[in-house]
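The structure under discussion appears below in the form of C-alpha cells.
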Amino acid sequence: MITLALMEDSAPRPAPQAITTANPADRPVYVIGGGPGGLATAYALRAQGIRAVVVEKADGVGASWRRHYDRLHLHTTRRLSALPGLKMPRRFGRWVAREDVVRYLEKYAEVHELEIVTGVEVTRVERTPDGTGWLLRATGGRELVGAAVVVATGYNHTPHLPDWPGRATFTGDLTHASGYRSGKDYAGRDVLVVGVGNTGAEIAVDLVESGAARVRLSVRTAPHIVRRSTAGWAAQYTAILVRRLPVRLVDRLARPMARLSVPDLSAHGLPRPDTGLYSRVKDGAIPVQDVGLIDAVRKGQVEIVAAVAEFADASENSVKDGGTVLLADGSRISPDAVVAATGYVRALEGLVGHLGVLDERGRPVAHGARPPKDTPGLYFTGFTTPISGTLRELAIDAERIAKAVRRQLR
C-alpha cells in the first residue's frame with residue numbers, strides 16, 4: 001500500500017514495487033497524471049469518500065507547467081481558473097504567471113494531502129482478467145489494480161514536429177516551442193516562428209520584447225484573434241456566456257465583435273479568417289488571445305510570412321551557414337533560428353489504443369463523466385480545448401467524474 005505521498009515538505013515519495021489489493025471493494029481509483037486535471041479529480045474523489053491515487057511519471061506535480069516558457073501567463077482569470085477546494089491567492093494577479101501556477105499546484109496537493117506517487121509511468125491500461133476492475137502496467141514491472149481509472153495525462157503531452165521535407169538533414173538551429181524558455185536567448189538574432197496559435201503568437205512577441213534582430217511568423221491558416229480583455233471585461237466571460245449556444249449563431253455574433261475590437265491586418269499578411277470562430281473551436285483551434293501581437297504586426301516588428309514548405313542545408317546561395325527555409329509562396333529565407341510552435345499530440349495509443357476508445361485523430365471518443373462504450377470505469381479529462389477556459393472546465397469535470405465513480409462503486 002502507498003503511504004501519504006505528500007508530507008510536510010510537499011515532496012512526493014516513490015512508489016513501492018506494486019500497488020495492488022485483492023478485494024475489489026478496497027481497490028483505489030487511479031488517476032494517471034499529476035497536472036491540474038489529475039489533482040482536481042483526485043481531490044473530488046476524496047471529497048466523495050473514495051480513495052484516489054495519482055500516478056505521475058515526473059518527479060513532481062505540474063510537470064508540463066514547469067516546462068513552459070517563462071513569459072507565459074494564463075489567458076483566463078485567476079478567479080475562474082482555481083481548482084475545487086482552493087482559491088488562487090489574490091497576490092497572483094488577474095492573469096496568473098506560469099511559475100505561480102506551479103506554486104498553486106504544489107500547494108493544492110499539499111493542502112488536500114493528496115496521495116501521489118511520482119517517478120512511475122503507466123504504460124498500458126487493461127481490464128482485469130475477472131472484469132471487475134482495471135489493471136495498470138507501469139515502469140519497474142509494477143501492476144496496479146484499481147476500481148476505476150481516470151486518464152489525465154494532458155492535452156499538451158508530446159511535442160509535435162512536422163516531418164517537413166529536408167528536416168532530418170537540416171543543420172540549422174531548429175527548436176520545438178517546448179524547448180523555448182526566453183527570448184533573451186535569441187537577442188540580436190533573426191528568428192522564424194512557425195505556427196500562429198497562442199504559443200507561437202506569444203513567443204513572437206517575447207522575441208521582439210527581448211531584442212531579437214528580426215522576427216518572422218510563419219502562418220498556414222489565418223487565426224481568429226480576440227482581445228484578452230476589453231474595458232476590464234475578460235474574453236473568458238463572453239466565452240462562458242455563449243458556450244451553450246448553437247455553433248452557427250456564435251459564429252455570426254463573433255464577426256461584428258471582431259470587426260469592432262480587432263483591426264484589419266490584411267495589409268500585413270493576416271486577413272480575417274473565412275471560417276467561423278466557434279466552428280474553429282469545435283475543431284480544436286482556440287482563438288489567439290492578443291498579448292501584444294496586434295501591435296507588433298502593425299508596427300512591422302513581427303513580419304507575417306507564408307507556411308513552411310521544406311528545409312534545406314546551407315548552399316552557395318544561402319546567406320547563412322545553417323541552412324534555408326523554403327516557404328509555400330516560393331520564397332526562401334535564411335533565419336538564424338527556427339522555433340516550431342507546431343503543437344502537441346496526446347500520445348494515448350500505447351496506453352489505451354487497444355481498447356478502441358480513441359478516434360482517428362488519437363483523441364478519446366468520450367470525455368468527462370461519460371466513459372467510452374464498453375469500458376465502464378474508464379474516464380478521460382483534459383483532452384478538449386474548451387472556449388470557456390481549460391482550468392475552469394477541468395474543475396467542473398473533476399466533480400462530475402467523482403460523482404460518476406461514486407455511482408459506479410455503489
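By order of appearance in the C-alpha cells: chains A, B, ..., then residues from 1 within every chain, and ligands from 1 in the order shown.
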Region 70-143 of chain A: residues DSSP assigns to helix (DSSP H, G or I), reported as a list in words:
Arg90, Arg91, Phe92, Arg98, Glu99, Asp100, Val101, Val102, Arg103, Tyr104, Leu105, Glu106, Lys107, Tyr108, Ala109, Glu110, Val111, Thr139, Gly140 and Gly141 of chain A
Mind checking which residues fall within 9 Å of Glu56 (chain A), counting only C-alpha atoms, ignoring those fewer than 6 positions away in the same chain, and posting them as a PyMOL selection string?
chain A and resi 31-35+63+116-122+153
List the spatial neighbours of region 349-366 of chain A as number ranges by chain - criterion: any atom at most 10 Å away, only C-alpha atoms, same-chain residues fewer than 6 positions off excluded.
A: 122-127, 136-137, 151, 155, 372-375, 378-381, 383-384
Please give the complete set of residues from region 272-393 of chain A that DSSP, run on the backbone, assigns to strand (DSSP E or B), formatted as a ChimeraX atom specification.
/A:288-290,302-305,308-312,324-327,332-333,337-340,344-345,358,364,368,378-380
Save the residues we just selected, N, CA and C atoms, as a tab-separated table (two decimals), in the first residue's frame?
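Resulting contents of selection.tsv:
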chain	number	residue	atom	x	y	z
A	288	VAL	N	-6.61	33.10	-30.89
A	288	VAL	CA	-5.40	33.67	-30.33
A	288	VAL	C	-5.78	34.84	-29.43
A	289	GLN	N	-5.36	34.76	-28.17
A	289	GLN	CA	-5.60	35.86	-27.24
A	289	GLN	C	-4.48	36.88	-27.44
A	290	ASP	N	-4.86	38.10	-27.72
A	290	ASP	CA	-3.85	39.11	-28.02
A	290	ASP	C	-3.11	39.55	-26.75
A	302	VAL	N	6.82	42.20	-36.02
A	302	VAL	CA	6.60	40.80	-36.37
A	302	VAL	C	6.12	40.76	-37.81
A	303	GLU	N	6.89	40.12	-38.69
A	303	GLU	CA	6.56	40.02	-40.11
A	303	GLU	C	5.85	38.70	-40.37
A	304	ILE	N	4.72	38.77	-41.04
A	304	ILE	CA	3.96	37.56	-41.38
A	304	ILE	C	4.46	37.01	-42.70
A	305	VAL	N	4.81	35.72	-42.71
A	305	VAL	CA	5.27	35.05	-43.92
A	305	VAL	C	4.44	33.79	-44.14
A	308	VAL	N	5.70	27.08	-43.92
A	308	VAL	CA	6.95	26.40	-44.27
A	308	VAL	C	6.64	25.22	-45.20
A	309	ALA	N	7.40	25.15	-46.29
A	309	ALA	CA	7.24	24.04	-47.22
A	309	ALA	C	8.32	22.99	-47.03
A	310	GLU	N	9.57	23.42	-46.87
A	310	GLU	CA	10.65	22.46	-46.67
A	310	GLU	C	11.90	23.17	-46.14
A	311	PHE	N	12.84	22.36	-45.68
A	311	PHE	CA	14.12	22.86	-45.19
A	311	PHE	C	15.22	22.42	-46.14
A	312	ALA	N	16.30	23.20	-46.15
A	312	ALA	CA	17.45	22.84	-46.99
A	312	ALA	C	18.72	23.22	-46.26
A	324	THR	N	18.55	27.00	-45.22
A	324	THR	CA	17.48	27.88	-45.68
A	324	THR	C	16.13	27.21	-45.46
A	325	VAL	N	15.10	28.04	-45.48
A	325	VAL	CA	13.74	27.56	-45.34
A	325	VAL	C	12.95	28.00	-46.56
A	326	LEU	N	12.36	27.03	-47.27
A	326	LEU	CA	11.52	27.32	-48.42
A	326	LEU	C	10.08	27.46	-47.95
A	327	LEU	N	9.46	28.59	-48.30
A	327	LEU	CA	8.08	28.85	-47.88
A	327	LEU	C	7.10	28.45	-48.97
A	332	ARG	N	12.45	32.05	-50.29
A	332	ARG	CA	13.42	31.39	-49.42
A	332	ARG	C	13.93	32.39	-48.39
A	333	ILE	N	14.06	31.93	-47.17
A	333	ILE	CA	14.63	32.77	-46.12
A	333	ILE	C	15.70	31.99	-45.40
A	337	ALA	N	17.62	31.15	-36.51
A	337	ALA	CA	16.99	30.13	-35.69
A	337	ALA	C	15.54	29.97	-36.08
A	338	VAL	N	15.02	28.77	-35.89
A	338	VAL	CA	13.61	28.46	-36.15
A	338	VAL	C	13.01	27.89	-34.88
A	339	VAL	N	11.89	28.47	-34.44
A	339	VAL	CA	11.15	27.95	-33.30
A	339	VAL	C	9.81	27.42	-33.82
A	340	ALA	N	9.59	26.13	-33.68
A	340	ALA	CA	8.39	25.49	-34.21
A	340	ALA	C	7.31	25.41	-33.14
A	344	TYR	N	1.16	19.81	-30.02
A	344	TYR	CA	1.46	18.56	-29.31
A	344	TYR	C	0.48	17.48	-29.76
A	345	VAL	N	0.83	16.25	-29.46
A	345	VAL	CA	-0.09	15.13	-29.67
A	345	VAL	C	-0.41	14.52	-28.31
A	358	LEU	N	-10.28	5.57	-28.81
A	358	LEU	CA	-9.73	6.76	-29.45
A	358	LEU	C	-10.31	6.93	-30.84
A	364	PRO	N	-9.73	10.83	-27.17
A	364	PRO	CA	-10.75	9.98	-26.55
A	364	PRO	C	-12.12	10.25	-27.18
A	368	GLY	N	-14.90	13.39	-19.74
A	368	GLY	CA	-15.57	13.76	-18.51
A	368	GLY	C	-16.24	12.58	-17.84
A	378	LEU	N	-13.64	3.78	-16.91
A	378	LEU	CA	-12.51	4.43	-17.56
A	378	LEU	C	-12.93	5.83	-17.98
A	379	TYR	N	-12.24	6.83	-17.45
A	379	TYR	CA	-12.63	8.22	-17.68
A	379	TYR	C	-11.44	9.01	-18.23
A	380	PHE	N	-11.77	10.07	-18.97
A	380	PHE	CA	-10.75	10.94	-19.55
A	380	PHE	C	-11.07	12.39	-19.20
Among the residues A:Gly133, A:Gly146, A:Gly389, A:Gly38, the one that comes closest to Tyr108 (chain A) [using only C-alpha atoms]
A:Gly38
I want to know what sits within 12 Å of Asp283 (chain A), based on only C-alpha atoms, with residues of the same chain fewer than 6 positions away left out; could you give that as a list in words?
Val247, Thr275, Gly276, Leu277, Arg361, Arg363, Thr384, Thr385, Pro386 and Ile387 of chain A
Keeping only C-alpha atoms, write the selected residues to a file as a compact mmCIF listing (two decimals), in the first residue's frame.
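Generated file (selection.txt):
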# COMPACT_ATOMS: atom_id res chain seq x y z
CA VAL A 247 -22.21 26.99 -33.24
CA THR A 275 -14.46 30.31 -41.24
CA GLY A 276 -16.41 30.94 -38.05
CA LEU A 277 -14.72 31.40 -34.68
CA ARG A 361 -7.06 11.68 -34.52
CA ARG A 363 -8.44 11.71 -29.08
CA THR A 384 -10.50 19.10 -25.13
CA THR A 385 -9.88 22.78 -25.79
CA PRO A 386 -12.95 24.49 -24.30
CA ILE A 387 -13.61 28.09 -25.27
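Note that CA of Val101 (chain A) and CA of Ser229 (chain A) are 20.1 Å apart.
The protein and nucleic acid residues lying at most 12 Å from Arg259 (chain A) are His224, Ile225, Val226, Arg227, Arg252, Leu253, Ala254, Arg255, Pro256, Val262, Pro263, Asp264, Leu265, Pro271, Arg272 and Pro273 of chain A, with only C-alpha atoms considered and sequence neighbours fewer than 3 positions away removed.
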Please write the residues from the selection above to a file, keeping N, CA and C atoms, as an mmCIF file, in the first residue's frame.
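This is the output file out_1.cif:
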data_model
loop_
_atom_site.group_PDB
_atom_site.id
_atom_site.type_symbol
_atom_site.label_atom_id
_atom_site.label_comp_id
_atom_site.auth_asym_id
_atom_site.auth_seq_id
_atom_site.Cartn_x
_atom_site.Cartn_y
_atom_site.Cartn_z
ATOM 1 N N HIS A 224 -8.271 33.341 -35.749
ATOM 2 C CA HIS A 224 -9.140 34.322 -35.110
ATOM 3 C C HIS A 224 -8.347 34.931 -33.961
ATOM 4 N N ILE A 225 -8.357 36.245 -33.866
ATOM 5 C CA ILE A 225 -7.658 36.945 -32.788
ATOM 6 C C ILE A 225 -8.687 37.695 -31.959
ATOM 7 N N VAL A 226 -8.610 37.539 -30.650
ATOM 8 C CA VAL A 226 -9.527 38.242 -29.758
ATOM 9 C C VAL A 226 -8.719 38.986 -28.696
ATOM 10 N N ARG A 227 -9.262 40.068 -28.210
ATOM 11 C CA ARG A 227 -8.641 40.788 -27.108
ATOM 12 C C ARG A 227 -8.823 39.976 -25.829
ATOM 13 N N ARG A 252 -21.865 33.823 -36.129
ATOM 14 C CA ARG A 252 -22.437 35.065 -36.664
ATOM 15 C C ARG A 252 -22.235 36.220 -35.682
ATOM 16 N N LEU A 253 -22.406 35.949 -34.403
ATOM 17 C CA LEU A 253 -22.239 37.000 -33.396
ATOM 18 C C LEU A 253 -20.789 37.459 -33.295
ATOM 19 N N ALA A 254 -19.857 36.542 -33.533
ATOM 20 C CA ALA A 254 -18.434 36.855 -33.368
ATOM 21 C C ALA A 254 -17.906 37.778 -34.463
ATOM 22 N N ARG A 255 -18.503 37.715 -35.653
ATOM 23 C CA ARG A 255 -17.978 38.511 -36.778
ATOM 24 C C ARG A 255 -18.011 40.009 -36.502
ATOM 25 N N PRO A 256 -19.168 40.591 -36.153
ATOM 26 C CA PRO A 256 -19.170 42.038 -35.890
ATOM 27 C C PRO A 256 -18.346 42.416 -34.668
ATOM 28 N N VAL A 262 -10.895 44.231 -33.183
ATOM 29 C CA VAL A 262 -9.596 43.847 -33.758
ATOM 30 C C VAL A 262 -9.429 44.515 -35.114
ATOM 31 N N PRO A 263 -8.358 45.259 -35.320
ATOM 32 C CA PRO A 263 -8.164 45.928 -36.613
ATOM 33 C C PRO A 263 -7.911 44.935 -37.732
ATOM 34 N N ASP A 264 -8.176 45.358 -38.944
ATOM 35 C CA ASP A 264 -7.920 44.531 -40.121
ATOM 36 C C ASP A 264 -6.414 44.496 -40.394
ATOM 37 N N LEU A 265 -5.839 43.314 -40.334
ATOM 38 C CA LEU A 265 -4.397 43.150 -40.531
ATOM 39 C C LEU A 265 -4.069 42.558 -41.897
ATOM 40 N N PRO A 271 -5.132 38.200 -42.974
ATOM 41 C CA PRO A 271 -6.526 38.527 -43.306
ATOM 42 C C PRO A 271 -7.473 37.944 -42.263
ATOM 43 N N ARG A 272 -8.671 38.453 -42.247
ATOM 44 C CA ARG A 272 -9.676 37.886 -41.346
ATOM 45 C C ARG A 272 -10.026 36.469 -41.816
ATOM 46 N N PRO A 273 -10.193 35.532 -40.898
ATOM 47 C CA PRO A 273 -10.493 34.143 -41.283
ATOM 48 C C PRO A 273 -11.810 34.042 -42.046
#
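Nearest to Asp26 (chain A) of all the residues A:Leu83, A:Ala239, A:Ala147, A:Val61 is A:Ala147, based on only C-alpha atoms.
If you measure from each of A:Ala40, A:Leu135, A:Leu394, A:Leu241 to Leu105 (chain A) using only C-alpha atoms, the closest one turns out to be A:Ala40.
CA of Ser266 (chain A) to CA of Tyr180 (chain A) spans 28.7 Å [interatomic distance, one decimal].
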List as an NGL selection string the protein and nucleic acid residues near Gly183 (chain A), meaning an atom at most 8 Å away when only C-alpha atoms are counted, but skip any in the same chain fewer than 5 places from it.
:A and (203 or 206-212)
Output for the residues just chosen: all heavy atoms as a short mmCIF file (atom, residue, chain, number, x, y, z; two decimals), in the first residue's frame:
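The new file again24.cif reads:
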data_model
loop_
_atom_site.label_atom_id
_atom_site.label_comp_id
_atom_site.auth_asym_id
_atom_site.auth_seq_id
_atom_site.Cartn_x
_atom_site.Cartn_y
_atom_site.Cartn_z
N ILE A 203 5.30 33.75 -28.26
CA ILE A 203 6.75 33.65 -28.42
C ILE A 203 7.26 34.74 -29.36
O ILE A 203 8.31 35.34 -29.12
CB ILE A 203 7.13 32.25 -28.93
CG1 ILE A 203 6.99 31.22 -27.79
CG2 ILE A 203 8.55 32.23 -29.48
CD1 ILE A 203 7.26 29.79 -28.20
N ASP A 206 7.42 37.85 -27.41
CA ASP A 206 8.52 37.74 -26.45
C ASP A 206 9.86 37.99 -27.11
O ASP A 206 10.75 38.66 -26.55
CB ASP A 206 8.49 36.36 -25.81
CG ASP A 206 9.46 36.22 -24.64
OD1 ASP A 206 9.55 37.16 -23.83
OD2 ASP A 206 10.15 35.18 -24.55
N LEU A 207 10.04 37.49 -28.32
CA LEU A 207 11.28 37.70 -29.06
C LEU A 207 11.48 39.18 -29.38
O LEU A 207 12.59 39.71 -29.23
CB LEU A 207 11.25 36.88 -30.36
CG LEU A 207 11.41 35.37 -30.19
CD1 LEU A 207 10.98 34.64 -31.46
CD2 LEU A 207 12.85 35.01 -29.84
N VAL A 208 10.41 39.83 -29.79
CA VAL A 208 10.50 41.28 -30.08
C VAL A 208 10.92 42.03 -28.83
O VAL A 208 11.83 42.86 -28.85
CB VAL A 208 9.16 41.80 -30.62
CG1 VAL A 208 9.16 43.33 -30.67
CG2 VAL A 208 8.87 41.23 -32.00
N GLU A 209 10.23 41.77 -27.73
CA GLU A 209 10.49 42.49 -26.49
C GLU A 209 11.87 42.16 -25.91
O GLU A 209 12.40 42.94 -25.10
CB GLU A 209 9.40 42.18 -25.48
CG GLU A 209 8.02 42.70 -25.90
CD GLU A 209 6.93 42.33 -24.91
OE1 GLU A 209 7.21 41.51 -24.01
OE2 GLU A 209 5.82 42.86 -25.05
N SER A 210 12.44 41.03 -26.32
CA SER A 210 13.74 40.61 -25.78
C SER A 210 14.90 41.02 -26.68
O SER A 210 16.05 40.68 -26.40
CB SER A 210 13.76 39.09 -25.58
OG SER A 210 12.76 38.69 -24.65
N GLY A 211 14.61 41.73 -27.77
CA GLY A 211 15.68 42.27 -28.58
C GLY A 211 16.14 41.43 -29.74
O GLY A 211 17.28 41.58 -30.22
N ALA A 212 15.29 40.54 -30.26
CA ALA A 212 15.66 39.81 -31.47
C ALA A 212 15.82 40.79 -32.62
O ALA A 212 15.08 41.79 -32.73
CB ALA A 212 14.58 38.77 -31.81
#
List every residue of region 193-285 of chain A that has an atom at most 10 Å from any atom of region 66-81 of chain A, and for each one report the closest atom pair and its distance in Å to one decimal, counting only C-alpha atoms, with rows sorted by chain and then by increasing residue number, as JSON lines.
{"residue": "A:Asn198", "atom": "CA", "partner": "A:His75", "partner_atom": "CA", "distance": 9.4}
{"residue": "A:Thr199", "atom": "CA", "partner": "A:Leu72", "partner_atom": "CA", "distance": 8.6}
{"residue": "A:Glu202", "atom": "CA", "partner": "A:Leu72", "partner_atom": "CA", "distance": 7.8}
{"residue": "A:Ile203", "atom": "CA", "partner": "A:Arg71", "partner_atom": "CA", "distance": 8.3}
{"residue": "A:Val205", "atom": "CA", "partner": "A:Arg71", "partner_atom": "CA", "distance": 9.8}
{"residue": "A:Asp206", "atom": "CA", "partner": "A:Arg71", "partner_atom": "CA", "distance": 7.2}
{"residue": "A:Arg228", "atom": "CA", "partner": "A:His75", "partner_atom": "CA", "distance": 6.7}
{"residue": "A:Ser229", "atom": "CA", "partner": "A:His75", "partner_atom": "CA", "distance": 9.4}
{"residue": "A:Ala234", "atom": "CA", "partner": "A:Thr77", "partner_atom": "CA", "distance": 7.5}
{"residue": "A:Ala235", "atom": "CA", "partner": "A:Thr76", "partner_atom": "CA", "distance": 8.2}
{"residue": "A:Gln236", "atom": "CA", "partner": "A:Thr76", "partner_atom": "CA", "distance": 6.1}
{"residue": "A:Tyr237", "atom": "CA", "partner": "A:Thr76", "partner_atom": "CA", "distance": 9.1}
Output the selection as an mmCIF file, in the first residue's frame - C-alpha atoms for each residue.
data_model
loop_
_atom_site.group_PDB
_atom_site.id
_atom_site.type_symbol
_atom_site.label_atom_id
_atom_site.label_comp_id
_atom_site.auth_asym_id
_atom_site.auth_seq_id
_atom_site.Cartn_x
_atom_site.Cartn_y
_atom_site.Cartn_z
ATOM 1 C CA ASN A 198 -1.382 31.186 -28.777
ATOM 2 C CA THR A 199 2.088 29.772 -28.171
ATOM 3 C CA GLU A 202 3.257 34.925 -27.611
ATOM 4 C CA ILE A 203 6.746 33.646 -28.418
ATOM 5 C CA VAL A 205 6.052 38.975 -29.052
ATOM 6 C CA ASP A 206 8.517 37.743 -26.447
ATOM 7 C CA ARG A 228 -7.881 39.072 -23.806
ATOM 8 C CA SER A 229 -9.773 41.844 -22.073
ATOM 9 C CA ALA A 234 -12.360 39.333 -19.999
ATOM 10 C CA ALA A 235 -12.903 37.390 -23.211
ATOM 11 C CA GLN A 236 -13.453 34.355 -20.993
ATOM 12 C CA TYR A 237 -16.677 35.884 -19.647
#
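Proximity ranking of A:Ala152, A:Met88, A:Val55, A:Asp163 relative to Asp397 (chain A) places A:Ala152 first, based on only C-alpha atoms.
Counting only C-alpha atoms and comparing A:Gly382, A:Pro376, A:Gly330, A:Gly188, the residue that lies closest to Thr132 (chain A) is A:Pro376.
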